[in-house]
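Q: My structure is in target10.csv, and what it holds is CSV, C-alpha atoms:
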chain,number,residue,atom,x,y,z
S,1,MET,CA,101.2,109.1,108.8
S,2,PRO,CA,102.5,109.8,105.3
S,3,LYS,CA,105.7,111.9,105.3
S,4,THR,CA,105.3,113.2,101.8
S,5,LEU,CA,102.7,115.9,102.5
S,6,PRO,CA,104.5,117.6,105.4
S,7,GLY,CA,107.8,117.4,103.5
S,8,THR,CA,106.2,119.1,100.5
S,9,LEU,CA,104.7,121.8,102.6
S,10,LEU,CA,108.2,122.4,104.2
S,11,ALA,CA,109.7,122.6,100.7
S,12,LEU,CA,107.1,125.1,99.6
S,13,ALA,CA,107.7,127.2,102.7
S,14,ALA,CA,111.5,127.1,102.1
S,15,MET,CA,110.9,128.3,98.6
S,16,GLY,CA,108.7,131.1,99.9
S,17,LEU,CA,111.6,132.2,102.2
S,18,VAL,CA,114.1,132.1,99.3
S,19,SER,CA,111.8,133.8,96.8
S,20,PRO,CA,112.4,137.4,97.8
S,21,GLN,CA,116.1,137.0,97.0
S,22,LEU,CA,115.3,135.9,93.4
S,23,GLU,CA,113.9,137.9,90.6
S,24,GLY,CA,112.8,137.6,87.0
S,25,THR,CA,113.4,134.4,85.1
S,26,ARG,CA,115.4,132.9,88.0
S,27,LEU,CA,112.4,133.3,90.3
S,28,ALA,CA,110.0,131.8,87.7
S,29,GLY,CA,112.4,129.0,87.0
S,30,ALA,CA,112.8,128.1,90.6
S,31,TRP,CA,109.1,128.0,91.3
S,32,ALA,CA,108.3,126.1,88.0
S,33,GLY,CA,111.0,123.6,88.7
S,34,LEU,CA,110.0,123.0,92.3
S,35,LEU,CA,106.3,122.6,91.4
S,36,SER,CA,107.2,120.3,88.5
S,37,GLY,CA,109.5,118.2,90.6
S,38,LEU,CA,106.9,117.8,93.3
S,39,VAL,CA,104.1,116.9,90.9
S,40,VAL,CA,106.3,114.2,89.2
S,41,GLY,CA,107.4,113.0,92.6
S,42,PHE,CA,103.9,112.7,93.9
S,43,GLY,CA,102.8,110.8,90.8
S,44,VAL,CA,105.7,108.3,91.1
S,45,VAL,CA,105.2,107.8,94.9
S,46,ALA,CA,101.5,107.2,94.4
S,47,TRP,CA,102.2,104.7,91.6
S,48,GLN,CA,104.8,102.9,93.7
S,49,LYS,CA,102.5,102.7,96.7
S,50,SER,CA,99.7,101.1,94.7
S,51,ALA,CA,102.1,98.7,93.0
S,52,LEU,CA,103.5,97.7,96.3
S,53,ARG,CA,100.1,97.0,97.8
S,54,ARG,CA,99.3,94.8,94.8
S,55,ASN,CA,102.6,92.9,94.7
S,56,PRO,CA,105.0,93.5,97.5
S,57,ALA,CA,107.5,91.0,96.1
S,58,ARG,CA,108.4,93.5,93.3
S,59,ALA,CA,109.5,96.2,95.7
S,60,MET,CA,113.0,96.7,94.2
S,61,ASP,CA,111.6,96.7,90.6
S,62,THR,CA,109.1,99.4,91.6
S,63,MET,CA,111.7,101.6,93.3
S,64,ALA,CA,114.1,101.3,90.3
S,65,LEU,CA,111.4,102.0,87.7
S,66,GLY,CA,110.2,105.1,89.8
S,67,PHE,CA,113.8,106.4,89.9
S,68,LEU,CA,114.4,105.9,86.2
S,69,PHE,CA,111.1,107.6,85.3
S,70,LYS,CA,112.0,110.6,87.4
S,71,LEU,CA,115.5,110.7,85.8
S,72,VAL,CA,113.9,110.6,82.2
S,73,VAL,CA,111.4,113.3,83.1
S,74,LEU,CA,114.0,115.6,84.6
S,75,ALA,CA,116.2,115.2,81.5
S,76,SER,CA,113.2,115.9,79.3
S,77,MET,CA,112.1,118.9,81.3
S,78,GLY,CA,115.7,120.2,81.3
S,79,ALA,CA,116.0,119.9,77.5
S,80,MET,CA,112.7,121.8,77.1
S,81,VAL,CA,113.8,124.6,79.3
S,82,LEU,CA,117.2,124.8,77.6
S,83,TRP,CA,116.1,124.6,74.0
S,84,TRP,CA,112.4,125.3,73.6
S,85,GLU,CA,112.2,129.0,73.0
S,86,PRO,CA,108.9,129.7,74.8
S,87,MET,CA,110.2,128.2,78.0
S,88,ALA,CA,113.8,129.2,77.6
S,89,SER,CA,112.9,132.9,77.4
S,90,ARG,CA,110.8,132.8,80.6
S,91,LEU,CA,112.6,130.4,82.9
S,92,ASP,CA,116.2,130.3,84.1
S,93,ALA,CA,117.4,126.8,83.3
S,94,LYS,CA,119.8,126.4,86.2
S,95,ALA,CA,117.2,127.5,88.8
S,96,PHE,CA,114.6,125.2,87.1
S,97,LEU,CA,116.7,122.1,87.1
S,98,LEU,CA,118.1,122.6,90.6
S,99,SER,CA,114.7,123.1,92.2
S,100,ALA,CA,113.1,120.3,90.1
S,101,ALA,CA,115.9,117.9,91.2
S,102,LEU,CA,115.5,119.0,94.8
S,103,GLY,CA,111.8,118.5,94.7
S,104,MET,CA,112.1,115.0,93.2
S,105,VAL,CA,114.8,113.9,95.6
S,106,LEU,CA,112.8,115.2,98.5
S,107,LEU,CA,109.8,113.1,97.5
S,108,LEU,CA,111.9,110.2,96.5
S,109,THR,CA,113.4,110.0,100.0
S,110,LEU,CA,110.1,110.7,101.8
S,111,GLY,CA,108.2,108.4,99.5
S,112,ALA,CA,110.7,105.6,100.1
S,113,LEU,CA,110.0,105.9,103.9
S,114,ASP,CA,106.2,105.8,103.2
S,115,ASN,CA,106.6,102.8,100.9
S,116,ALA,CA,108.7,101.0,103.6
S,117,ALA,CA,105.6,101.4,105.9
S,118,VAL,CA,103.4,99.9,103.2
S,119,LEU,CA,105.8,96.9,102.9
S,120,ARG,CA,105.8,96.5,106.7
S,121,GLU,CA,102.0,96.4,106.7
S,122,SER,CA,101.8,93.8,104.0
S,123,ALA,CA,104.4,91.7,105.8
S,124,ALA,CA,102.4,91.9,109.0
S,125,ARG,CA,99.2,90.8,107.2
S,126,ALA,CA,101.0,87.9,105.6
S,127,PHE,CA,102.0,86.5,109.0
S,128,GLN,CA,98.7,86.9,110.8
S,129,PRO,CA,97.0,83.7,111.8
S,130,ASN,CA,93.9,82.7,110.0
S,131,PRO,CA,91.1,82.1,112.5
S,132,GLU,CA,89.2,79.8,110.0
S,133,ARG,CA,92.0,77.2,110.2
S,134,GLY,CA,92.6,77.5,114.0
S,135,PRO,CA,95.7,78.4,115.9
S,136,GLY,CA,99.0,77.0,114.7
S,137,ALA,CA,97.7,76.1,111.3
S,138,SER,CA,100.2,76.6,108.5
S,139,VAL,CA,99.4,78.1,105.2
S,140,SER,CA,99.8,74.8,103.4
S,141,GLU,CA,97.2,73.1,105.6
S,142,GLY,CA,93.8,73.0,104.1
S,143,LYS,CA,95.1,72.9,100.5
S,144,SER,CA,94.2,69.7,98.7
S,145,SER,CA,96.8,67.8,96.8
S,146,SER,CA,94.4,66.8,94.0
Please, can you express the file's structure as structure tokens?
A:
Amino acid sequence: MPKTLPGTLLALAAMGLVSPQLEGTRLAGAWAGLLSGLVVGFGVVAWQKSALRRNPARAMDTMALGFLFKLVVLASMGAMVLWWEPMASRLDAKAFLLSAALGMVLLLTLGALDNAAVLRESAARAFQPNPERGPGASVSEGKSSS
């Protein structure tokens, strides 16, 4: 079972518990940051999962690119919240960046666990015997050398 959805629901519930203690721009920044972080995290995890199903050998590249993408998006969103007036006047930058980073890290961790399951599935499929070649047949058998 995927771990990202239950983890996301727990993060939203935790934010719901913290929300009464926040007010104004801090509350708006925290919610906007968490939702933005979760959306970016879900997008990256979905991309990683599809890339790993297509080419499991590139697992490390996929994980590194996903992390770098999240880092660039977080820096870009932070710059917008700090310096773009329509966002800066409505959202608290510290609350936004903290909750966005927490949302991304949560989905990065849970997504890595989900992606490990995808890699285990592809490894198990790679080592299943092929009934067309008979028991004990190797992968190289049946290939012609011409």
Q: When you count only C-alpha atoms, which of these residues is closest to Leu34 in chain S: S:Leu12, S:Leu74, S:Ala93, S:Leu82?
A: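 Among the listed residues, S:Leu12 lies closest to Leu34 in chain S.
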Q: So which residues touch Leu9 in chain S within 12 Å, counting all atoms listed in the file, skipping near sequence neighbours fewer than 4 positions away, as number ranges by chain?
A: S: 3-5, 13-16, 34-35, 38, 103, 106-107
Q: Mind giving me the straight-line distance from CA of Ala117 in chain S to CA of Met104 in chain S in Å, one decimal?
A: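 Here the two named atoms are 19.7 Å from each other.
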Q: In Å to one decimal, how far is CA of Leu27 in chain S from CA of Leu97 in chain S?
A: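 Interatomic distance, CA of Leu97 in chain S to CA of Leu27 in chain S: 12.4 Å.
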Q: Considering all atoms listed in the file, state which residue in the set S:Glu85, S:Asp114, S:Asp92, S:Glu23 is at the smallest distance from Ser50 in chain S.
A: S:Asp114
Q: What separation in Å, quoted to one decimal, exists between CA of Thr109 in chain S and CA of Leu71 in chain S?
A: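 Straight-line distance from CA of Thr109 in chain S to CA of Leu71 in chain S works out to 14.4 Å.
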Q: Using only C-alpha atoms, which of S:Ala64, S:Gly41, S:Ala59, S:Pro20 sits nearest Gly7 in chain S?
A: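 Of all the options, S:Gly41 lies closest to Gly7 in chain S.
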Q: Of the residues S:Pro86, S:Leu22, S:Ser36, S:Asp61, which is the one nearest to Gln48 in chain S, using only C-alpha atoms?
A: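 The shortest atom-to-atom distance to Gln48 in chain S comes from S:Asp61.
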Q: Taking all atoms listed in the file into account, name the residue in S:Ser122, S:Ser76, S:Ser99, S:Ser89 that is nearest to Val18 in chain S.
A: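 Selected residue with least distance to Val18 in chain S: S:Ser99.
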Q: Could you list as an mmCIF file with C-alpha atoms, keeping the file's coordinate frame every residue that has an atom within 10 Å of (113.2, 131.7, 85.8), using the file's coordinates and counting all atoms listed in the file?
A:
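Saved file result.cif follows:
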data_model
loop_
_atom_site.group_PDB
_atom_site.id
_atom_site.type_symbol
_atom_site.label_atom_id
_atom_site.label_comp_id
_atom_site.auth_asym_id
_atom_site.auth_seq_id
_atom_site.Cartn_x
_atom_site.Cartn_y
_atom_site.Cartn_z
ATOM 1 C CA LEU S 22 115.300 135.900 93.400
ATOM 2 C CA GLU S 23 113.900 137.900 90.600
ATOM 3 C CA GLY S 24 112.800 137.600 87.000
ATOM 4 C CA THR S 25 113.400 134.400 85.100
ATOM 5 C CA ARG S 26 115.400 132.900 88.000
ATOM 6 C CA LEU S 27 112.400 133.300 90.300
ATOM 7 C CA ALA S 28 110.000 131.800 87.700
ATOM 8 C CA GLY S 29 112.400 129.000 87.000
ATOM 9 C CA ALA S 30 112.800 128.100 90.600
ATOM 10 C CA TRP S 31 109.100 128.000 91.300
ATOM 11 C CA ALA S 32 108.300 126.100 88.000
ATOM 12 C CA GLY S 33 111.000 123.600 88.700
ATOM 13 C CA VAL S 81 113.800 124.600 79.300
ATOM 14 C CA MET S 87 110.200 128.200 78.000
ATOM 15 C CA ALA S 88 113.800 129.200 77.600
ATOM 16 C CA SER S 89 112.900 132.900 77.400
ATOM 17 C CA ARG S 90 110.800 132.800 80.600
ATOM 18 C CA LEU S 91 112.600 130.400 82.900
ATOM 19 C CA ASP S 92 116.200 130.300 84.100
ATOM 20 C CA ALA S 93 117.400 126.800 83.300
ATOM 21 C CA LYS S 94 119.800 126.400 86.200
ATOM 22 C CA ALA S 95 117.200 127.500 88.800
ATOM 23 C CA PHE S 96 114.600 125.200 87.100
#
